[in-house]
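> Sharing a structure below in structure tokens format, with a few things to ask.
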Amino acid sequence: MHYTGTIWRPPYEASSLLLEVTAGCTHHKCKFCTLYHDLPFQFRMSPLEDVESDLREAQLWSTDPMAMLSARLQGLPRPERIQRVFLTGANPFVLKYERLMEIAHLIREYIPSVKTIGCFARITDITLKSEEELASLHRAGYDGLTIGIETGDEEALRFMNKGYTAADIVTQCRRLDRAGIHYSFFYLAGVSGAGRGEAGARATAGICNQLHPTLIGVNMLTIYPDSELYQEIWRGSWQEEGEMEKYREIRTLLENLEIPTEFAALGASNAIQLQGKLPEDREALSTALDKIIESGKEDDLREYRVNLRHL
């Protein structure tokens with residue numbers, strides 16, 4: 001398989017076939033992000049020959065000796081068929097409609113058992129597609145996009161150079177709703193800065209309540225020395241939230257969400273992981289967060305943050 005640099009995927013894509021169709025990020029300007037600093041280029045589109053070669057290799061999964069052994073250890077007669085493909089790269093949905101359709105055609109040709117195709121997407125990627133193209137992409141299998149909106153806090157979006165506004169999130173995700181394309185959000189606790197976390201959480205809930213994300217996944221801002229945000233802190237132009245403030249922020253987000261959705265904090269950036277469905281698990285999630293807020297120790301949580309070498 002052709003893989004370039006560190007491969008990132010959401011926790012819930014663990015069982016998906018990871019297929020590289022891009023590497024890097026077309027935007028690459030978010031002040032907090034260091035995920036693609038290990039690449040010698042900003043963004044690259046994979047040749048279709050590489051994509052096709054990887055799909056041919058993936059075809060062999062059902063007969064691979066190690067896959068057969070793994071299946072037997074799980075009590076299965078044979079490896080399960082591949083039903084979902086996750087396209088790798090920071091935002092493969094930026095690719096032109098025709099390219100995405102070519103990729104979908106190759107996936108169907110080589111692995112007809114695949115039912116859906118997911119990937120990371122930026123809000124700005126959606127603007128590049130017409131209503132008809134979005135609907136056609138959904139029919140071709142594109143579903144379950146993961147969008148790192150980070151926040152609905154307008155000031156934070158602007159300061160962090162996200163490249164879109166809170167209103168853009170609503171406008172473009174409503175277009176996905178109309179096309180039938182499901183999507184999940186990543187929320188970044190701490191992105192609003194010290195003293196502004198709960199206000200940012202309320203603004204984000206206000207945005208989410210207008211939309212239909214299947215999941216809202218919480219990550220916690222972790223600042224690394226090679227990020228632009230680290231330099232902003234040293235210049236005194238931005239102040240980082242404390243760890244307990246981040247949990248109060250998450251609690252505020254939870255209590256202000258009014259839509260049915262999955263709520264999760266599962267990634268490595270979360271020292272304490274949570275998951276449940278809204279509204280039915282709201283009380284249990286709230287109780288868990290209250291316990292952290294009441295008994296958590298800032299120094300212990302901070303130690304986890306500073307020793308987190310990589311996300």
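To be explicit about the labels: the chains of the structure tokens are called A, B, and onward in the order shown, and within each one the residues are counted from 1, while ligands get numbers from 1 in the order they are shown.
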If DSSP is run on the backbone, what residues of segment 94-170 of chain A are strand (DSSP E or B)? A reply as an NGL selection string would be ideal.
:A and (116-121 or 142 or 145-150)
> Let's have the selection written as a short mmCIF file (atom, residue, chain, number, x, y, z; two decimals), in the first residue's frame, with N, CA and C atoms.

data_model
loop_
_atom_site.label_atom_id
_atom_site.label_comp_id
_atom_site.auth_asym_id
_atom_site.auth_seq_id
_atom_site.Cartn_x
_atom_site.Cartn_y
_atom_site.Cartn_z
N THR A 116 -19.79 2.22 1.52
CA THR A 116 -19.64 3.67 1.69
C THR A 116 -18.18 4.08 1.65
N ILE A 117 -17.96 5.35 1.33
CA ILE A 117 -16.63 5.95 1.24
C ILE A 117 -16.62 7.21 2.09
N GLY A 118 -15.69 7.29 3.03
CA GLY A 118 -15.57 8.47 3.89
C GLY A 118 -14.23 9.14 3.74
N CYS A 119 -14.09 10.30 4.35
CA CYS A 119 -12.82 11.02 4.35
C CYS A 119 -12.94 12.24 5.25
N PHE A 120 -11.80 12.87 5.54
CA PHE A 120 -11.82 14.19 6.15
C PHE A 120 -12.22 15.22 5.10
N ALA A 121 -12.88 16.28 5.54
CA ALA A 121 -13.26 17.35 4.62
C ALA A 121 -13.20 18.69 5.35
N TYR A 142 -20.24 8.17 -1.35
CA TYR A 142 -19.62 9.09 -0.40
C TYR A 142 -20.60 9.42 0.72
N LEU A 145 -18.67 11.91 6.14
CA LEU A 145 -17.50 12.78 6.14
C LEU A 145 -17.16 13.19 7.56
N THR A 146 -15.90 13.44 7.84
CA THR A 146 -15.47 13.98 9.12
C THR A 146 -14.94 15.38 8.90
N ILE A 147 -15.56 16.35 9.56
CA ILE A 147 -15.24 17.76 9.35
C ILE A 147 -14.74 18.37 10.65
N GLY A 148 -13.52 18.87 10.64
CA GLY A 148 -12.97 19.54 11.81
C GLY A 148 -13.40 20.99 11.85
N ILE A 149 -14.63 21.22 12.33
CA ILE A 149 -15.09 22.61 12.40
C ILE A 149 -14.33 23.36 13.50
N GLU A 150 -13.87 22.64 14.53
CA GLU A 150 -13.13 23.14 15.69
C GLU A 150 -14.01 23.94 16.65
#
> Would you pick out the contacts of Gly193 of chain A at 12 Å or less, using only C-alpha atoms, so that residues sharing its chain but fewer than 3 positions from it are not included, and give the list as number ranges by chain?
A: 32, 151, 153, 155-157, 159-160, 188-190, 196-201, 220-221, 223, 229, 232-233, 237-243, 245-246, 249
> What does the structure give for the distance between atom CA of Leu176 of chain A and atom CA of Glu131 of chain A, in Å to one decimal?
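Spanning atom CA of Leu176 of chain A to atom CA of Glu131 of chain A is a straight-line distance of 8.7 Å.
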> Fewer than 4 positions away in the same chain doesn't count, so skip those; otherwise give me all residues within 8 Å of segment 273-287 of chain A, counting only C-alpha atoms, as a ChimeraX atom specification.
/A:251,254-255,258-267,291
> From the options A:Ser227, A:Gly180, A:Ile111, A:Lys162, which residue's atoms come nearest to His37 of chain A, counting only C-alpha atoms?
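With only C-alpha atoms as the atom set, the closest residue is A:Ser227.
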> For Arg302 of chain A, which residue among A:Asp290, A:Leu55, A:Met244, A:Asn256 is the nearest when counting only C-alpha atoms?
A:Met244
> Distance atom CA of Asp143 of chain A-atom CA of Ile181 of chain A, one decimal place?
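Answer for the atom CA of Asp143 of chain A to atom CA of Ile181 of chain A separation: 5.0 Å.
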> Using only C-alpha atoms, which of the listed residues (A:Thr204, A:Phe185, A:Ser269, A:Glu133) sits closest to Thr165 of chain A?
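Checking each of A:Thr204, A:Phe185, A:Ser269, A:Glu133 against Thr165 of chain A, counting only C-alpha atoms, the winner is A:Thr204.
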> Can you work out which one of A:Leu95, A:Val51, A:Leu60, A:Ala104 has the shortest atom-to-atom distance to Thr26 of chain A, counting only C-alpha atoms?
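Of A:Leu95, A:Val51, A:Leu60, A:Ala104, the one nearest Thr26 of chain A, counting only C-alpha atoms, is A:Leu95.
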> Would you pick out the contacts of Ser16 of chain A at 10 Å or less, using only C-alpha atoms, so that residues sharing its chain but fewer than 6 positions from it are not included, and give the list as a list in words?
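Near neighbours after the sequence-gap exclusion: Arg9, Ile82, Gln83, Arg84, Val85, Phe86, Leu87, Val114, Thr116, Ile117 and Gly118 of chain A.
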> Give me every alpha helix (DSSP H) residue in segment 59-211 of chain A, going by DSSP on the backbone, as a PyMOL selection string.
chain A and resi 59+65-73+97-110+123-126+131-139+154-159+166-179+197-208
> In terms of the shortest atom-to-atom distance over only C-alpha atoms, which of A:Ser295, A:Ala90, A:Glu57, A:Pro40 is closest to Trp8 of chain A?
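The shortest atom-to-atom distance to Trp8 of chain A comes from A:Ala90.
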> List as a compact mmCIF listing (two decimals) with N, CA, C and O atoms, in the first residue's frame the protein and nucleic acid residues near segment 44-48 of chain A, meaning an atom at most 7 Å away when only C-alpha atoms are counted, but skip any in the same chain fewer than 2 places from it.

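Final output, out_0.txt:
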# COMPACT_ATOMS: atom_id res chain seq x y z
N VAL A 21 -5.39 8.76 -1.22
CA VAL A 21 -5.68 9.44 -2.49
C VAL A 21 -5.10 10.85 -2.50
O VAL A 21 -4.97 11.47 -3.56
N THR A 22 -4.76 11.36 -1.31
CA THR A 22 -4.06 12.63 -1.17
C THR A 22 -3.10 12.51 0.00
O THR A 22 -3.22 11.60 0.83
N ALA A 23 -2.17 13.44 0.10
CA ALA A 23 -1.30 13.55 1.27
C ALA A 23 -1.14 15.04 1.56
O ALA A 23 -1.01 15.85 0.64
N GLY A 24 -1.17 15.40 2.84
CA GLY A 24 -1.05 16.79 3.20
C GLY A 24 -2.39 17.51 3.19
O GLY A 24 -3.45 16.90 3.05
N ASP A 50 -1.45 4.50 -8.56
CA ASP A 50 -1.15 4.07 -7.19
C ASP A 50 -2.42 3.65 -6.47
O ASP A 50 -2.43 2.66 -5.73
N VAL A 51 -3.48 4.40 -6.68
CA VAL A 51 -4.76 4.07 -6.05
C VAL A 51 -5.23 2.70 -6.54
O VAL A 51 -5.65 1.84 -5.74
N GLU A 52 -5.13 2.48 -7.84
CA GLU A 52 -5.56 1.21 -8.41
C GLU A 52 -4.68 0.06 -7.91
O GLU A 52 -5.18 -1.03 -7.59
> Excluding Cys25 of chain A and its own-chain neighbours fewer than 3 positions away, which residues fall within 8 Å of it when counting only C-alpha atoms? Please give them as a PyMOL selection string.
chain A and resi 28+36+42-43+89-91
> Could those selected residues go to a file with N, CA, C and O atoms, as a tab-separated table (two decimals), in the first residue's frame?

chain	number	residue	atom	x	y	z
A	28	HIS	N	-3.41	24.26	5.25
A	28	HIS	CA	-2.12	24.26	5.93
A	28	HIS	C	-1.79	25.60	6.59
A	28	HIS	O	-0.64	26.05	6.58
A	36	TYR	N	0.78	17.70	9.72
A	36	TYR	CA	1.39	17.35	8.44
A	36	TYR	C	2.76	18.00	8.25
A	36	TYR	O	3.25	18.12	7.14
A	42	GLN	N	3.27	20.59	0.77
A	42	GLN	CA	2.02	20.97	1.43
A	42	GLN	C	0.89	20.01	1.12
A	42	GLN	O	0.17	19.57	2.03
A	43	PHE	N	0.73	19.69	-0.15
A	43	PHE	CA	-0.39	18.84	-0.58
A	43	PHE	C	0.00	18.11	-1.84
A	43	PHE	O	0.66	18.67	-2.72
A	89	GLY	N	-5.53	11.60	4.06
A	89	GLY	CA	-5.12	12.96	3.75
A	89	GLY	C	-5.98	13.92	4.56
A	89	GLY	O	-7.05	13.55	5.08
A	90	ALA	N	-5.53	15.15	4.70
A	90	ALA	CA	-6.24	16.12	5.54
A	90	ALA	C	-7.61	16.47	5.00
A	90	ALA	O	-8.55	16.70	5.77
A	91	ASN	N	-7.75	16.52	3.68
A	91	ASN	CA	-9.05	16.91	3.10
A	91	ASN	C	-9.20	16.41	1.66
A	91	ASN	O	-9.27	17.19	0.72
> So, with only C-alpha atoms as the atoms that count, which of A:Thr4, A:Thr34, A:Thr127, A:Ser113 lies closest to Gly141 of chain A?
A:Ser113
> Between atom CA of Thr252 of chain A and atom CA of Arg305 of chain A, measure the distance and give it in Å to one decimal.
21.2 Å
